[in-house]
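Notes for the one structure printed next.
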Amino acid sequence: MTLYAVTFYVLAAIVVLSTLLAIIQRQVIHAVVYLIVSFFATGLLFYLLGAPFLAALEVIIYAGAIMVLFLFIVMTVRAESGEDKGEIYQWLPAVILGIISLFVGGVLIFEIPGSKTGLSTGMATPSAFGQFLFKNYWFPVEIASFLLLIGLVGALYLGRRESRKGSEDRR
Amino acid sequence: MLLEWILGFVFLIVKLTIVLIILLTVAAYLVWVERKLLGRIQARYGPNRAGEFGLLQPLADLVKLITKEDTVPQEANKGIFLLAPGVVGLMALLIFAVVPFGSGVTLWGRSIPLVITDLNVGLLFILALSSISVYGIALGGWASNSKYSLLGGIRGAAQMISYEVPMGLSLVPVVMLARSFSLVEITNAQSARPFIFVQPVSFILFLIAALAEIKRIPFDLPEAENELGAGYHTEYSGMRFGLFFLGEYITMIILGSLIAVFFLGGWHGPLLPPIIWFLLKVGIIVFTLIWFRATFPRIRYDQLMNTGWKVLIPIALLNIVVTGALVLGTS
């Protein structure tokens, strides 16, 4: 095994383990911390696979920005760790979806030709990445940004109405 | 081949050790410099008991911090409480890895670049690590299980994620002009003239946003003494408090280095050797930060949020559009 392979398996193990812990932890704040570790390790995995730009974005956006909002909510609501195991209609769909994705993942790994040979290590510079993305996939990028804009406007609208009501209550 | 590899590894370790020792020493003495300067500005002496001019004060502080009992509040969330200061200290140290502090030297026929690692996404690496260090503050404040700490942690998280946005946006024009995220290439792009003359708006935006990001006066709301005790690190003692403190002073040095690299031309300068120019520029910025602390009052929380979202971000976006148009027009 090369040094690359060893690093890859260590990082992959960290990702899988911390994600698992994030799901099964009873205390919400611990789950958030494990999820942050998982995103951080995913970022390192991207770096190892030759995509430093994606690695940086993964850490900035997922580990840095989105999880802070999770943490923010958990910090302010004082969530008690509940003891109930949940209803069957809650966990049954999750189990079915989990089995399906496990099956698809297994098929992808073992049945598709070419999945057994390792890819050669590469390195994509940020400018090469940008050129490729905006030459070949400019339309999906535009759609995604439009979607985000709609979300932003919606959030603004909801926030506005809420705060106006709040200020009336105070008076 | 193997010998070459081992030699390179040894060089790297030696370089890391030297940089780390210098960084930690400078951070420790920065505390002394700050106390001395604040004293001067407020017409008093500052530390003057330990050694000549109080020069042994950092050593005395270190002995105190290490020998002090490391207390954990009874109701605290122990694991996270113990971990949080480490996150702050570690992220501050790691950011310095991409800062170029000289043009490079040749030792025994081997050229050594004076930067730990020249990442081609160096600028994003800095933003990523500074967004991770938010957790040290938020989790430290939460895990202490004290009202002051929690309020400090929440304020810290809100302030830091709000000002990350204008900080990132203010650097976009710099990247446009240098055409690279690498800090070495950004420095080299300024060999003719520093970006402060081309991008004064970016410079001011970055200075304000980064000042808020490192939570110094006038933006030190997460640890506002008169309302929150000591904010998110109220419950910490001993070396764990020391780590928060160390992180704060290292980020001061880093902010100085980043402004030097992004806007003042890094180690470029006439006559003097490159590394002296770099230290000089960092020194000027750090002095200015201490000066700010001595002169500015703390701003209010709603003013802080309004400035970030309603003033800095629109100006930064406008600046990007104008710079983009000019870059396209001239090329």
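Going by the structure tokens order, chains are called A, B, ..., each with residues numbered from 1, while ligands are numbered from 1 in the order shown.
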
Checklist entry - Counting only C-alpha atoms, which residues of chain B come no farther than 9 Å from chain A, as a list in words? => result Ile80, Leu119, Asn120, Val121, Leu124, Phe125, Leu127, Ala128, Leu129, Ser130, Ser131, Ile132, Ser133, Val134, Tyr135, Ala138, Leu139, Trp142, Leu150, Gly153, Ile154, Ala157, Ala158, Ile161, Arg179, Ser180 and Phe181 of chain B

DSSP-assigned strand (DSSP E or B) among stretch 79-309 of chain B, expressed as a JSON list (two decimals) with C-alpha atoms, in the first residue's frame:
```
[["chain", "number", "residue", "atom", "x", "y", "z"],
["B", 105, "VAL", "CA", 17.17, 31.80, 0.62],
["B", 106, "THR", "CA", 19.79, 29.36, -0.70],
["B", 107, "LEU", "CA", 21.45, 27.14, 1.90],
["B", 110, "ARG", "CA", 19.32, 24.07, -1.87],
["B", 111, "SER", "CA", 16.83, 26.86, -2.38],
["B", 112, "ILE", "CA", 14.41, 27.23, 0.51]]
```

Select from stretch 128-209 of chain B every residue with an atom at most 10 Å from any atom of stretch 284-307 of chain B, then for each give the shortest pair of atoms and their distance in Å to one decimal, using only C-alpha atoms, rows by chain and rising number, as CSV.
```
residue,atom,partner,partner_atom,distance
B:Arg155,CA,B:Tyr301,CA,8.6
B:Ala158,CA,B:Met305,CA,8.8
B:Gln159,CA,B:Met305,CA,7.5
B:Ser162,CA,B:Met305,CA,7.4
B:Tyr163,CA,B:Met305,CA,8.8
B:Leu207,CA,B:Leu289,CA,9.8
B:Ile208,CA,B:Thr307,CA,9.9
B:Ala209,CA,B:Thr307,CA,9.8
```

Take the selection from the previous step and output its residues with N, CA and C atoms, as a tab-separated table (two decimals), in the first residue's frame.
```tsv
chain	number	residue	atom	x	y	z
B	155	ARG	N	-22.75	35.51	20.82
B	155	ARG	CA	-22.34	36.74	20.16
B	155	ARG	C	-21.15	36.50	19.24
B	158	ALA	N	-22.26	34.65	16.05
B	158	ALA	CA	-23.03	35.53	15.16
B	158	ALA	C	-22.12	36.55	14.50
B	159	GLN	N	-21.23	37.15	15.30
B	159	GLN	CA	-20.35	38.19	14.78
B	159	GLN	C	-19.38	37.62	13.75
B	162	SER	N	-21.08	36.64	10.49
B	162	SER	CA	-21.53	37.82	9.75
B	162	SER	C	-20.37	38.51	9.05
B	163	TYR	N	-19.22	38.58	9.71
B	163	TYR	CA	-18.12	39.35	9.13
B	163	TYR	C	-17.22	38.52	8.24
B	207	LEU	N	-9.83	45.52	6.45
B	207	LEU	CA	-9.36	45.90	7.79
B	207	LEU	C	-10.51	45.85	8.79
B	208	ILE	N	-11.66	46.43	8.42
B	208	ILE	CA	-12.80	46.46	9.35
B	208	ILE	C	-13.31	45.05	9.61
B	209	ALA	N	-13.51	44.28	8.51
B	209	ALA	CA	-14.08	42.94	8.66
B	209	ALA	C	-13.15	42.03	9.44
```

Next on the checklist: Using DSSP secondary structure from the backbone, list all helix (DSSP H, G or I) positions within stretch 41-205 of chain B, as a ChimeraX atom specification.
Outcome noted: /B:41,52-54,57-67,78-98,122-143,147-178,183-188,195-198,200-205

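The shortest atom-to-atom distance to B:Leu59, with only C-alpha atoms taken into account, belongs to B:Val31 out of B:Leu38, B:Val31, B:Leu2, B:Met160.
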
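The environment of stretch 247-263 of chain B within 7 Å, counting only C-alpha atoms and disregarding residues fewer than 6 places along the same chain, consists of Ala27, Leu30, Val88, Gly89, Ala92, Phe96, Val174, Ile186, Thr187, Pro194, Phe195, Ile196, Phe203, Ile214, Lys281, Val282, Ile285 and Val286 of chain B.
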
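Note that atom CA of B:Glu213 and atom CA of B:Ser149 are 18.3 Å apart.
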
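Picture a line from atom CA of B:Gly102 to atom CA of B:Leu177; it runs 21.2 Å.
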
Next on the checklist: At a cut-off of 7 Å, using only C-alpha atoms, what residues contact B:Leu65? Leave out same-chain residues fewer than 3 positions from it and give the result as a list in words.
Outcome noted: Asp61, Leu62, Lys68, Gly238, Met239 and Gly242 of chain B

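Closest approach to B:Ile18 among B:Thr234, B:Gly265, B:Ile116, B:Ser191 is made by B:Ile116 (distances from only C-alpha atoms).
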